[in-house]
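Asks: So here's entry07.pdb (PDB, C-alpha atoms).
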ATOM      1  CA  MET A   1      69.266 -38.029 -38.627
ATOM      2  CA  THR A   2      72.055 -39.744 -40.539
ATOM      3  CA  ILE A   3      74.474 -38.957 -43.377
ATOM      4  CA  ALA A   4      76.391 -41.640 -45.276
ATOM      5  CA  GLN A   5      80.032 -41.097 -46.239
ATOM      6  CA  ILE A   6      81.511 -42.887 -49.229
ATOM      7  CA  THR A   7      85.075 -42.355 -50.360
ATOM      8  CA  ASP A   8      87.748 -43.377 -52.867
ATOM      9  CA  LEU A   9      85.341 -44.424 -55.593
ATOM     10  CA  HIS A  10      88.035 -44.306 -58.327
ATOM     11  CA  VAL A  11      85.430 -44.356 -61.079
ATOM     12  CA  THR A  12      87.044 -44.686 -64.490
ATOM     13  CA  THR A  13      86.229 -45.415 -68.137
ATOM     14  CA  ASP A  14      86.795 -48.239 -70.590
ATOM     15  CA  LYS A  15      90.384 -47.020 -70.945
ATOM     16  CA  ASP A  16      90.884 -49.243 -67.894
ATOM     17  CA  PRO A  17      88.256 -52.001 -68.287
ATOM     18  CA  LEU A  18      89.260 -54.125 -65.270
ATOM     19  CA  ASN A  19      89.075 -51.260 -62.780
ATOM     20  CA  GLN A  20      86.005 -49.829 -64.487
ATOM     21  CA  ARG A  21      84.017 -53.024 -63.983
ATOM     22  CA  ARG A  22      85.318 -53.751 -60.495
ATOM     23  CA  ASN A  23      85.000 -50.231 -59.077
ATOM     24  CA  GLU A  24      81.546 -49.728 -60.582
ATOM     25  CA  ALA A  25      80.285 -53.024 -59.155
ATOM     26  CA  ARG A  26      81.630 -52.214 -55.706
ATOM     27  CA  LEU A  27      80.187 -48.685 -55.795
ATOM     28  CA  ARG A  28      76.782 -50.027 -56.790
ATOM     29  CA  GLN A  29      76.946 -52.504 -53.914
ATOM     30  CA  VAL A  30      77.601 -49.681 -51.459
ATOM     31  CA  MET A  31      74.901 -47.426 -52.895
ATOM     32  CA  THR A  32      72.370 -50.257 -52.628
ATOM     33  CA  ALA A  33      73.322 -50.855 -48.994
ATOM     34  CA  ILE A  34      72.940 -47.150 -48.178
ATOM     35  CA  HIS A  35      69.538 -46.929 -49.842
ATOM     36  CA  GLU A  36      68.367 -49.948 -47.815
ATOM     37  CA  LEU A  37      69.269 -48.331 -44.469
ATOM     38  CA  ARG A  38      66.427 -47.445 -42.129
ATOM     39  CA  PRO A  39      65.999 -44.623 -41.524
ATOM     40  CA  ARG A  40      67.286 -43.634 -44.930
ATOM     41  CA  PRO A  41      70.180 -41.122 -44.707
ATOM     42  CA  ALA A  42      69.401 -37.476 -45.397
ATOM     43  CA  ALA A  43      72.444 -37.182 -47.667
ATOM     44  CA  ILE A  44      75.556 -38.899 -49.002
ATOM     45  CA  ILE A  45      78.962 -37.217 -48.924
ATOM     46  CA  ALA A  46      81.506 -38.592 -51.400
ATOM     47  CA  SER A  47      84.789 -37.510 -49.828
ATOM     48  CA  GLY A  48      87.262 -37.510 -52.673
ATOM     49  CA  ASP A  49      89.123 -39.616 -55.205
ATOM     50  CA  LEU A  50      85.801 -39.642 -56.986
ATOM     51  CA  VAL A  51      87.530 -40.745 -60.190
ATOM     52  CA  ASP A  52      90.892 -42.315 -60.998
ATOM     53  CA  ARG A  53      92.663 -39.868 -63.328
ATOM     54  CA  GLY A  54      90.793 -36.599 -62.893
ATOM     55  CA  GLU A  55      89.504 -36.659 -66.482
ATOM     56  CA  HIS A  56      86.330 -35.067 -67.856
ATOM     57  CA  ASP A  57      85.019 -38.378 -69.246
ATOM     58  CA  GLU A  58      85.454 -40.049 -65.862
ATOM     59  CA  TYR A  59      83.240 -37.398 -64.247
ATOM     60  CA  LEU A  60      80.619 -38.009 -66.911
ATOM     61  CA  GLU A  61      80.769 -41.691 -65.942
ATOM     62  CA  LEU A  62      80.442 -40.778 -62.263
ATOM     63  CA  LYS A  63      77.434 -38.600 -63.016
ATOM     64  CA  ARG A  64      75.823 -41.505 -64.883
ATOM     65  CA  LEU A  65      76.409 -43.880 -61.969
ATOM     66  CA  MET A  66      74.974 -41.435 -59.421
ATOM     67  CA  ALA A  67      71.925 -40.474 -61.484
ATOM     68  CA  ASP A  68      69.781 -43.204 -59.911
ATOM     69  CA  SER A  69      70.424 -42.135 -56.326
ATOM     70  CA  GLU A  70      67.282 -41.194 -54.430
ATOM     71  CA  ILE A  71      69.447 -39.506 -51.774
ATOM     72  CA  PRO A  72      71.122 -36.106 -52.376
ATOM     73  CA  ILE A  73      74.864 -36.415 -52.983
ATOM     74  CA  TYR A  74      77.543 -33.919 -51.981
ATOM     75  CA  TYR A  75      81.124 -34.075 -53.231
ATOM     76  CA  ALA A  76      84.644 -33.346 -51.989
ATOM     77  CA  LEU A  77      87.884 -33.665 -53.957
ATOM     78  CA  GLY A  78      90.937 -35.889 -53.431
ATOM     79  CA  ASN A  79      94.362 -36.204 -54.997
ATOM     80  CA  HIS A  80      93.101 -38.307 -57.935
ATOM     81  CA  ASP A  81      90.567 -35.617 -58.833
ATOM     82  CA  GLY A  82      90.857 -32.675 -61.193
ATOM     83  CA  ARG A  83      89.172 -29.523 -59.959
ATOM     84  CA  GLU A  84      88.556 -28.025 -63.404
ATOM     85  CA  ALA A  85      87.276 -31.270 -64.910
ATOM     86  CA  PHE A  86      85.007 -31.905 -61.917
ATOM     87  CA  LEU A  87      83.465 -28.440 -62.086
ATOM     88  CA  SER A  88      82.906 -28.804 -65.834
ATOM     89  CA  VAL A  89      80.478 -31.663 -65.082
ATOM     90  CA  PHE A  90      79.103 -30.988 -61.572
ATOM     91  CA  ASP A  91      77.586 -27.846 -60.098
ATOM     92  CA  GLY A  92      74.850 -26.838 -57.692
ATOM     93  CA  PRO A  93      74.489 -27.514 -53.952
ATOM     94  CA  GLY A  94      76.716 -30.601 -53.951
ATOM     95  CA  ALA A  95      79.645 -28.991 -55.769
ATOM     96  CA  GLN A  96      79.965 -25.410 -54.587
ATOM     97  CA  THR A  97      83.145 -23.360 -54.580
ATOM     98  CA  ASP A  98      84.486 -20.771 -52.176
ATOM     99  CA  PRO A  99      85.495 -17.266 -53.412
ATOM    100  CA  ASN A 100      88.905 -18.609 -54.460
ATOM    101  CA  GLY A 101      87.498 -21.403 -56.627
ATOM    102  CA  TYR A 102      88.154 -24.290 -54.221
ATOM    103  CA  VAL A 103      85.427 -26.902 -53.781
ATOM    104  CA  GLN A 104      84.502 -25.862 -50.238
ATOM    105  CA  TYR A 105      81.066 -25.234 -48.768
ATOM    106  CA  ALA A 106      78.854 -25.750 -45.712
ATOM    107  CA  VAL A 107      75.462 -27.471 -45.571
ATOM    108  CA  ASP A 108      73.063 -27.494 -42.622
ATOM    109  CA  PHE A 109      70.922 -30.508 -41.784
ATOM    110  CA  GLY A 110      68.641 -29.376 -38.997
ATOM    111  CA  ARG A 111      70.933 -28.487 -36.084
ATOM    112  CA  MET A 112      73.956 -30.227 -37.619
ATOM    113  CA  ARG A 113      76.415 -28.575 -40.001
ATOM    114  CA  MET A 114      78.631 -30.343 -42.548
ATOM    115  CA  VAL A 115      81.670 -28.359 -43.719
ATOM    116  CA  VAL A 116      83.333 -29.712 -46.869
ATOM    117  CA  CYS A 117      87.016 -28.859 -47.404
ATOM    118  CA  ASP A 118      89.193 -29.051 -50.517
ATOM    119  CA  THR A 119      92.586 -30.673 -49.769
ATOM    120  CA  LEU A 120      93.511 -31.336 -53.405
ATOM    121  CA  GLY A 121      97.198 -30.554 -53.805
ATOM    122  CA  GLY A 122     100.151 -32.802 -54.619
ATOM    123  CA  PRO A 123     100.171 -36.194 -56.345
ATOM    124  CA  ASN A 124      99.416 -38.146 -53.159
ATOM    125  CA  HIS A 125      99.465 -35.932 -50.072
ATOM    126  CA  GLY A 126      97.099 -33.160 -49.080
ATOM    127  CA  GLU A 127      97.370 -29.396 -49.257
ATOM    128  CA  TYR A 128      95.582 -26.641 -47.369
ATOM    129  CA  ASP A 129      96.862 -23.165 -48.088
ATOM    130  CA  GLU A 130      96.207 -19.923 -46.212
ATOM    131  CA  ALA A 131      93.243 -18.951 -48.408
ATOM    132  CA  ARG A 132      91.496 -22.260 -47.777
ATOM    133  CA  ALA A 133      92.257 -22.113 -44.059
ATOM    134  CA  ALA A 134      90.899 -18.562 -43.812
ATOM    135  CA  TRP A 135      87.653 -19.712 -45.444
ATOM    136  CA  LEU A 136      87.397 -22.599 -42.971
ATOM    137  CA  GLU A 137      87.947 -20.337 -39.976
ATOM    138  CA  ALA A 138      85.296 -17.888 -41.183
ATOM    139  CA  THR A 139      82.841 -20.703 -41.872
ATOM    140  CA  LEU A 140      83.306 -22.186 -38.399
ATOM    141  CA  ASP A 141      83.079 -18.717 -36.834
ATOM    142  CA  ALA A 142      79.685 -18.249 -38.512
ATOM    143  CA  ALA A 143      78.052 -21.134 -36.614
ATOM    144  CA  PRO A 144      79.838 -21.678 -33.278
ATOM    145  CA  ASP A 145      76.855 -23.444 -31.685
ATOM    146  CA  ARG A 146      76.040 -25.978 -34.411
ATOM    147  CA  PRO A 147      77.436 -29.499 -33.952
ATOM    148  CA  THR A 148      79.763 -29.756 -36.927
ATOM    149  CA  ALA A 149      81.410 -32.453 -39.022
ATOM    150  CA  VAL A 150      84.340 -31.343 -41.190
ATOM    151  CA  ILE A 151      84.884 -33.382 -44.361
ATOM    152  CA  LEU A 152      88.323 -33.601 -45.968
ATOM    153  CA  HIS A 153      89.875 -36.253 -48.171
ATOM    154  CA  HIS A 154      93.329 -36.464 -46.588
ATOM    155  CA  PRO A 155      93.622 -37.527 -42.939
ATOM    156  CA  PRO A 156      95.945 -35.169 -41.034
ATOM    157  CA  ILE A 157      97.057 -38.047 -38.770
ATOM    158  CA  LEU A 158      99.163 -41.158 -39.249
ATOM    159  CA  SER A 159      97.562 -44.498 -40.109
ATOM    160  CA  GLY A 160     100.805 -46.464 -39.769
ATOM    161  CA  ILE A 161     100.670 -47.521 -43.427
ATOM    162  CA  ARG A 162     103.950 -45.794 -44.152
ATOM    163  CA  TRP A 163     103.783 -45.338 -47.911
ATOM    164  CA  MET A 164     100.461 -43.480 -47.650
ATOM    165  CA  ASP A 165     101.001 -41.372 -44.544
ATOM    166  CA  PRO A 166     101.730 -37.619 -44.611
ATOM    167  CA  GLU A 167     104.658 -35.932 -42.951
ATOM    168  CA  PRO A 168     103.232 -34.973 -39.527
ATOM    169  CA  ASP A 169     104.941 -31.561 -39.570
ATOM    170  CA  SER A 170     103.731 -30.641 -43.067
ATOM    171  CA  PRO A 171     102.765 -26.943 -43.319
ATOM    172  CA  TRP A 172      99.240 -27.823 -44.441
ATOM    173  CA  ILE A 173      98.709 -29.984 -41.343
ATOM    174  CA  ARG A 174      99.956 -27.244 -39.007
ATOM    175  CA  ARG A 175      97.738 -24.721 -40.799
ATOM    176  CA  LEU A 176      94.695 -26.985 -40.482
ATOM    177  CA  ALA A 177      95.384 -27.577 -36.790
ATOM    178  CA  GLU A 178      95.475 -23.836 -36.173
ATOM    179  CA  ALA A 179      92.103 -23.421 -37.888
ATOM    180  CA  LEU A 180      90.469 -26.223 -35.883
ATOM    181  CA  ARG A 181      92.001 -26.004 -32.423
ATOM    182  CA  GLY A 182      89.588 -24.920 -29.692
ATOM    183  CA  ARG A 183      86.453 -25.303 -31.817
ATOM    184  CA  ASP A 184      83.988 -26.799 -29.351
ATOM    185  CA  GLN A 185      81.301 -27.274 -32.000
ATOM    186  CA  LEU A 186      83.538 -29.549 -34.079
ATOM    187  CA  LYS A 187      82.618 -33.150 -33.236
ATOM    188  CA  VAL A 188      84.437 -35.137 -35.936
ATOM    189  CA  LEU A 189      86.712 -34.845 -38.982
ATOM    190  CA  MET A 190      85.649 -37.360 -41.645
ATOM    191  CA  CYS A 191      88.321 -38.414 -44.132
ATOM    192  CA  GLY A 192      89.164 -40.978 -46.806
ATOM    193  CA  HIS A 193      92.358 -41.543 -48.813
ATOM    194  CA  ILE A 194      93.761 -44.495 -46.824
ATOM    195  CA  HIS A 195      91.195 -46.971 -48.243
ATOM    196  CA  ARG A 196      90.455 -48.448 -44.826
ATOM    197  CA  ALA A 197      88.846 -47.392 -41.562
ATOM    198  CA  PHE A 198      90.853 -46.015 -38.654
ATOM    199  CA  ASN A 199      90.468 -43.352 -35.967
ATOM    200  CA  GLY A 200      92.650 -40.935 -34.020
ATOM    201  CA  LEU A 201      92.849 -37.456 -32.523
ATOM    202  CA  PHE A 202      93.888 -34.238 -34.254
ATOM    203  CA  ALA A 203      93.965 -30.789 -32.635
ATOM    204  CA  GLY A 204      91.721 -32.171 -29.899
ATOM    205  CA  HIS A 205      89.122 -33.609 -32.280
ATOM    206  CA  MET A 206      88.250 -37.117 -33.409
ATOM    207  CA  VAL A 207      89.331 -38.164 -36.908
ATOM    208  CA  SER A 208      87.244 -40.867 -38.582
ATOM    209  CA  ALA A 209      88.724 -42.311 -41.788
ATOM    210  CA  ALA A 210      86.354 -44.360 -43.933
ATOM    211  CA  PRO A 211      86.906 -47.554 -45.932
ATOM    212  CA  ALA A 212      86.836 -47.252 -49.713
ATOM    213  CA  THR A 213      84.101 -48.311 -52.071
ATOM    214  CA  SER A 214      86.961 -49.442 -54.338
ATOM    215  CA  ILE A 215      89.599 -51.942 -53.136
ATOM    216  CA  GLN A 216      91.122 -51.501 -49.658
ATOM    217  CA  LEU A 217      94.721 -50.955 -48.583
ATOM    218  CA  THR A 218      96.440 -53.919 -47.008
ATOM    219  CA  LEU A 219      97.058 -53.321 -43.307
ATOM    220  CA  ASP A 220     100.860 -53.540 -43.230
ATOM    221  CA  LEU A 221     102.473 -51.438 -40.487
ATOM    222  CA  THR A 222     106.085 -52.447 -41.186
ATOM    223  CA  GLU A 223     108.806 -50.138 -42.482
ATOM    224  CA  VAL A 224     109.019 -49.612 -46.242
ATOM    225  CA  ASP A 225     111.627 -48.051 -48.525
ATOM    226  CA  MET A 226     109.630 -45.830 -50.879
ATOM    227  CA  HIS A 227     112.358 -46.141 -53.520
ATOM    228  CA  VAL A 228     112.812 -49.944 -53.449
ATOM    229  CA  PRO A 229     109.809 -52.080 -54.481
ATOM    230  CA  ASP A 230     109.847 -55.288 -52.437
ATOM    231  CA  GLY A 231     106.847 -57.208 -53.814
ATOM    232  CA  ARG A 232     104.664 -56.704 -50.759
ATOM    233  CA  GLU A 233     100.868 -56.747 -51.091
ATOM    234  CA  ILE A 234      99.565 -53.182 -50.939
ATOM    235  CA  LEU A 235      95.893 -53.515 -51.971
ATOM    236  CA  VAL A 236      93.382 -56.239 -51.196
ATOM    237  CA  GLU A 237      89.824 -57.040 -52.276
ATOM    238  CA  GLU A 238      88.260 -56.778 -48.844
ATOM    239  CA  PRO A 239      84.524 -55.911 -48.939
ATOM    240  CA  PRO A 240      83.598 -52.340 -49.885
ATOM    241  CA  GLY A 241      82.399 -50.133 -47.075
ATOM    242  CA  PHE A 242      81.124 -46.748 -45.952
ATOM    243  CA  VAL A 243      80.618 -44.715 -42.784
ATOM    244  CA  LEU A 244      77.288 -43.645 -41.339
ATOM    245  CA  LEU A 245      77.261 -40.388 -39.363
ATOM    246  CA  MET A 246      74.459 -40.180 -36.793
ATOM    247  CA  SER A 247      73.286 -36.886 -35.284
ATOM    248  CA  GLU A 248      71.229 -37.046 -32.110
ATOM    249  CA  ARG A 249      70.863 -34.559 -29.242
ATOM    250  CA  ASP A 250      73.679 -32.415 -30.634
ATOM    251  CA  GLU A 251      76.116 -35.338 -30.548
ATOM    252  CA  LEU A 252      77.658 -36.955 -33.637
ATOM    253  CA  THR A 253      78.557 -40.660 -33.817
ATOM    254  CA  THR A 254      80.105 -42.637 -36.680
ATOM    255  CA  HIS A 255      79.476 -46.270 -37.642
ATOM    256  CA  VAL A 256      81.758 -48.171 -40.042
ATOM    257  CA  CYS A 257      79.630 -50.376 -42.300
ATOM    258  CA  LEU A 258      80.392 -53.162 -44.781
ATOM    259  CA  ALA A 259      78.302 -53.537 -47.925
ATOM    260  CA  GLY A 260      77.162 -56.998 -48.966
ATOM    261  CA  ASP A 261      74.547 -59.697 -48.484
ATOM    262  CA  TYR A 262      74.887 -61.285 -45.061
ATOM    263  CA  ALA A 263      72.558 -63.874 -43.529
ATOM    264  CA  PRO A 264      70.662 -62.802 -40.368
ATOM    265  CA  ALA A 265      72.135 -64.397 -37.246
ATOM    266  CA  VAL A 266      69.372 -63.578 -34.738
ATOM    267  CA  THR A 267      65.912 -62.072 -35.192
ATOM    268  CA  TYR A 268      63.864 -60.101 -32.662
ATOM    269  CA  ASN A 269      61.131 -62.588 -31.733
ATOM    270  CA  PHE A 270      61.021 -62.045 -27.975
ATOM    271  CA  PRO A 271      61.045 -59.041 -25.597
ATOM    272  CA  PHE A 272      64.380 -57.622 -24.567
ATOM    273  CA  ARG A 273      65.102 -58.233 -20.897
ATOM    274  CA  THR A 274      65.110 -55.158 -18.684
ATOM    275  CA  LEU A 275      68.600 -54.662 -17.293
ATOM    276  CA  ALA A 276      68.913 -53.501 -13.707
TER     277      ALA A 276
END
What would you get if you wrote out this structure as structure tokens?

Replies:
Amino acid sequence: MTIAQITDLHVTTDKDPLNQRRNEARLRQVMTAIHELRPRPAAIIASGDLVDRGEHDEYLELKRLMADSEIPIYYALGNHDGREAFLSVFDGPGAQTDPNGYVQYAVDFGRMRMVVCDTLGGPNHGEYDEARAAWLEATLDAAPDRPTAVILHHPPILSGIRWMDPEPDSPWIRRLAEALRGRDQLKVLMCGHIHRAFNGLFAGHMVSAAPATSIQLTLDLTEVDMHVPDGREILVEEPPGFVLLMSERDELTTHVCLAGDYAPAVTYNFPFRTLA
């Protein structure tokens, strides 16, 4: 059983025609690649920065683009999203809220559980207050034996891309760590936000950050003065990508995938040798 993760779609309208055309084309490329996977994923989770400015009309555009999907889509929110605008357009199983109005919910796929968290807060960095953390703890307490993937837009670890990274001692990161530490059923935290794939450990659990469907961040690990623009490249048109989460025998594994048309290099025309 598999679930595809897409992130940082940055869908917009004709207010921004260049990004509208580019981000739509790249999203369509990714959605085509996901639909061509075999076996076909049971679901798609779009893990935040669904749109670019958090506007109602952008969510209408997103809904139009996703209408052709033959795979159920679930949504999480990122810092470019607007909670009120999103909920004015989307509802139902893929856009549920917790008792405090945050877009947080859990979905079971056979033995596996996907827990979607709402880290929408400041203009760029994440937030996870006590009410959200209490919901997460209760949700994890309710299914201690289900292999679980937690979805959140903002990675709680450092990527090394300095202008995008959070402060490691941020209260929201400490609060999240307290909610997750010691949870044996938690197999992976799946994030976005950084617009490129990377991995690390947080509170004893693996963090898997996905590449964007929109343009990627340039991998530049040098120091940067956030107040002095220096002309460096910060975004690059590398191929769009997604992550595929595989569930088998109560274990969860992630694959980072690129979308695009690539020529076959080798075909299976002879038996595999038996390895001793």

Asks: Could you pull the residues within 10 Å of region 119-133 of chain A, counting all atoms listed in the file, minus those fewer than 5 positions along the same chain, as a VMD selection string?

Replies: chain A and resid 48 to 49 76 to 83 98 to 104 138 to 139 151 to 156 163 to 167 170 to 180 193

Asks: Can you write just those residues out, C-alpha atoms, as a compact mmCIF listing (two decimals), in the coordinates of the input?

Replies:
# COMPACT_ATOMS: atom_id res chain seq x y z
CA GLY A 48 87.26 -37.51 -52.67
CA ASP A 49 89.12 -39.62 -55.20
CA ALA A 76 84.64 -33.35 -51.99
CA LEU A 77 87.88 -33.66 -53.96
CA GLY A 78 90.94 -35.89 -53.43
CA ASN A 79 94.36 -36.20 -55.00
CA HIS A 80 93.10 -38.31 -57.94
CA ASP A 81 90.57 -35.62 -58.83
CA GLY A 82 90.86 -32.67 -61.19
CA ARG A 83 89.17 -29.52 -59.96
CA ASP A 98 84.49 -20.77 -52.18
CA PRO A 99 85.50 -17.27 -53.41
CA ASN A 100 88.90 -18.61 -54.46
CA GLY A 101 87.50 -21.40 -56.63
CA TYR A 102 88.15 -24.29 -54.22
CA VAL A 103 85.43 -26.90 -53.78
CA GLN A 104 84.50 -25.86 -50.24
CA ALA A 138 85.30 -17.89 -41.18
CA THR A 139 82.84 -20.70 -41.87
CA ILE A 151 84.88 -33.38 -44.36
CA LEU A 152 88.32 -33.60 -45.97
CA HIS A 153 89.88 -36.25 -48.17
CA HIS A 154 93.33 -36.46 -46.59
CA PRO A 155 93.62 -37.53 -42.94
CA PRO A 156 95.94 -35.17 -41.03
CA TRP A 163 103.78 -45.34 -47.91
CA MET A 164 100.46 -43.48 -47.65
CA ASP A 165 101.00 -41.37 -44.54
CA PRO A 166 101.73 -37.62 -44.61
CA GLU A 167 104.66 -35.93 -42.95
CA SER A 170 103.73 -30.64 -43.07
CA PRO A 171 102.76 -26.94 -43.32
CA TRP A 172 99.24 -27.82 -44.44
CA ILE A 173 98.71 -29.98 -41.34
CA ARG A 174 99.96 -27.24 -39.01
CA ARG A 175 97.74 -24.72 -40.80
CA LEU A 176 94.70 -26.98 -40.48
CA ALA A 177 95.38 -27.58 -36.79
CA GLU A 178 95.48 -23.84 -36.17
CA ALA A 179 92.10 -23.42 -37.89
CA LEU A 180 90.47 -26.22 -35.88
CA HIS A 193 92.36 -41.54 -48.81

Asks: So that I can see what lies close to Leu9 (chain A), please list as a PyMOL selection string the residues with an atom at most 7 Å from it, counting only C-alpha atoms and leaving out residues fewer than 3 positions away in the same chain.

Replies: chain A and resi 23+27+49-51+212-214

Asks: Within 10 Å of region 60-72 of chain A, which residues of region 79-163 of chain A show up? Give each one with its shortest atom-to-atom distance in Å (one decimal) and the two atoms involved, counting only C-alpha atoms, rows by chain then rising residue number, as a tab-separated table.

Replies:
residue	atom	partner	partner_atom	distance
A:Ala85	CA	A:Leu60	CA	9.7
A:Phe86	CA	A:Leu60	CA	9.0
A:Ser88	CA	A:Leu60	CA	9.5
A:Val89	CA	A:Leu60	CA	6.6
A:Phe90	CA	A:Lys63	CA	7.9
A:Pro93	CA	A:Pro72	CA	9.4
A:Gly94	CA	A:Pro72	CA	8.0

Asks: To test the calculation: enclose all listed atoms of region 98-101 of chain A in a box whose edges run along x, y and z, add 6 Å on each side, then state centre and edge lengths in Å to one decimal, as AutoDock Vina command-line options.

Replies:
--center_x 86.7 --center_y -19.3 --center_z -54.4 --size_x 16.4 --size_y 16.1 --size_z 16.5

Asks: When you draw a straight line from CA of Leu252 (chain A) to CA of Pro147 (chain A), how long is it in Å?

Replies: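 These atoms are spaced 7.5 Å apart.
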
Asks: Of the candidates A:Val115, A:Ala197, A:Ala46, A:Ala203, which one gets nearest to Ala143 (chain A) if we count only C-alpha atoms?

Replies: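 The answer is A:Val115, which sits nearest to Ala143 (chain A).
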
Asks: Tell me, as a PyMOL selection string, which residues lie within 10 Å of Leu245 (chain A), counting all atoms listed in the file; anything in the same chain fewer than 4 positions away does not count.

Replies: chain A and resi 1-5+41+44+149+188+190+252-256

Asks: Residues picked by the PyMOL selection byres ((chain A and resi 144) around 12) here, as an MDAnalysis selection string?

Replies: chainID A and resid 111:113 137:143 145:148 180 182:187

Asks: Rounded to one decimal in Å, what is the spacing between CA of Arg162 (chain A) and CA of Glu223 (chain A)?

Replies: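 Those two atoms sit 6.7 Å apart.
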
Asks: Just say which residues the PyMOL selection byres ((chain A and resi 29) around 10) picks in this file, as a list of chain:residue names.

Replies: A:Asn23, A:Glu24, A:Ala25, A:Arg26, A:Leu27, A:Arg28, A:Val30, A:Met31, A:Thr32, A:Ala33, A:Ile34, A:Thr213, A:Pro239, A:Pro240, A:Gly241, A:Leu258, A:Ala259, A:Gly260, A:Asp261

Asks: What does the structure give for the distance between CA of Pro229 (chain A) and CA of Leu217 (chain A), in Å to one decimal?

Replies: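 CA of Leu217 (chain A) lies at a distance of 16.2 Å from CA of Pro229 (chain A).
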
Asks: Using only C-alpha atoms, which residue out of A:His195, A:Arg181, A:Phe270, A:Val224 lies closest to Val236 (chain A)?

Replies: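 Once distances to Val236 (chain A) are computed over only C-alpha atoms, the minimum belongs to A:His195.
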
Asks: Name all residues at most 10 Å from Gly200 (chain A) (count only C-alpha atoms; drop same-chain ones fewer than 6 positions away) and give them as a ChimeraX atom specification.

Replies: /A:155-159,189,206-209

Asks: Nearest to Thr218 (chain A): which of A:Val150, A:Met246, A:Ala43, A:Ile234 is it, counting only C-alpha atoms?

Replies: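 Looking at the shortest contact to Thr218 (chain A), the residue is A:Ile234.
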
Asks: How would region 42-55 of chain A look with N, CA and C atoms restored, written as an mmCIF file, in the coordinates of the input?

Replies:
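Output below, filename part-v2.cif:
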data_model
loop_
_atom_site.group_PDB
_atom_site.id
_atom_site.type_symbol
_atom_site.label_atom_id
_atom_site.label_comp_id
_atom_site.auth_asym_id
_atom_site.auth_seq_id
_atom_site.Cartn_x
_atom_site.Cartn_y
_atom_site.Cartn_z
ATOM 1 N N ALA A 42 69.845 -38.744 -44.812
ATOM 2 C CA ALA A 42 69.401 -37.476 -45.397
ATOM 3 C C ALA A 42 70.264 -37.072 -46.572
ATOM 4 N N ALA A 43 71.517 -37.568 -46.603
ATOM 5 C CA ALA A 43 72.444 -37.182 -47.667
ATOM 6 C C ALA A 43 73.581 -38.190 -47.722
ATOM 7 N N ILE A 44 74.317 -38.144 -48.825
ATOM 8 C CA ILE A 44 75.556 -38.899 -49.002
ATOM 9 C C ILE A 44 76.656 -37.896 -49.304
ATOM 10 N N ILE A 45 77.789 -38.015 -48.600
ATOM 11 C CA ILE A 45 78.962 -37.217 -48.924
ATOM 12 C C ILE A 45 80.018 -38.142 -49.524
ATOM 13 N N ALA A 46 80.446 -37.835 -50.731
ATOM 14 C CA ALA A 46 81.506 -38.592 -51.400
ATOM 15 C C ALA A 46 82.800 -37.812 -51.203
ATOM 16 N N SER A 47 83.694 -38.334 -50.351
ATOM 17 C CA SER A 47 84.789 -37.510 -49.828
ATOM 18 C C SER A 47 86.103 -37.684 -50.585
ATOM 19 N N GLY A 48 86.037 -37.631 -51.899
ATOM 20 C CA GLY A 48 87.262 -37.510 -52.673
ATOM 21 C C GLY A 48 87.764 -38.775 -53.337
ATOM 22 N N ASP A 49 88.726 -38.581 -54.252
ATOM 23 C CA ASP A 49 89.123 -39.616 -55.205
ATOM 24 C C ASP A 49 87.863 -40.207 -55.838
ATOM 25 N N LEU A 50 87.051 -39.272 -56.332
ATOM 26 C CA LEU A 50 85.801 -39.642 -56.986
ATOM 27 C C LEU A 50 86.082 -40.450 -58.239
ATOM 28 N N VAL A 51 87.133 -40.068 -58.953
ATOM 29 C CA VAL A 51 87.530 -40.745 -60.190
ATOM 30 C C VAL A 51 89.014 -41.087 -60.089
ATOM 31 N N ASP A 52 89.534 -41.777 -61.105
ATOM 32 C CA ASP A 52 90.892 -42.315 -60.998
ATOM 33 C C ASP A 52 91.960 -41.407 -61.591
ATOM 34 N N ARG A 53 91.637 -40.673 -62.664
ATOM 35 C CA ARG A 53 92.663 -39.868 -63.328
ATOM 36 C C ARG A 53 92.286 -38.392 -63.443
ATOM 37 N N GLY A 54 91.193 -37.995 -62.871
ATOM 38 C CA GLY A 54 90.793 -36.599 -62.893
ATOM 39 C C GLY A 54 90.347 -36.100 -64.245
ATOM 40 N N GLU A 55 89.853 -37.018 -65.111
ATOM 41 C CA GLU A 55 89.504 -36.659 -66.482
ATOM 42 C C GLU A 55 88.014 -36.364 -66.638
#
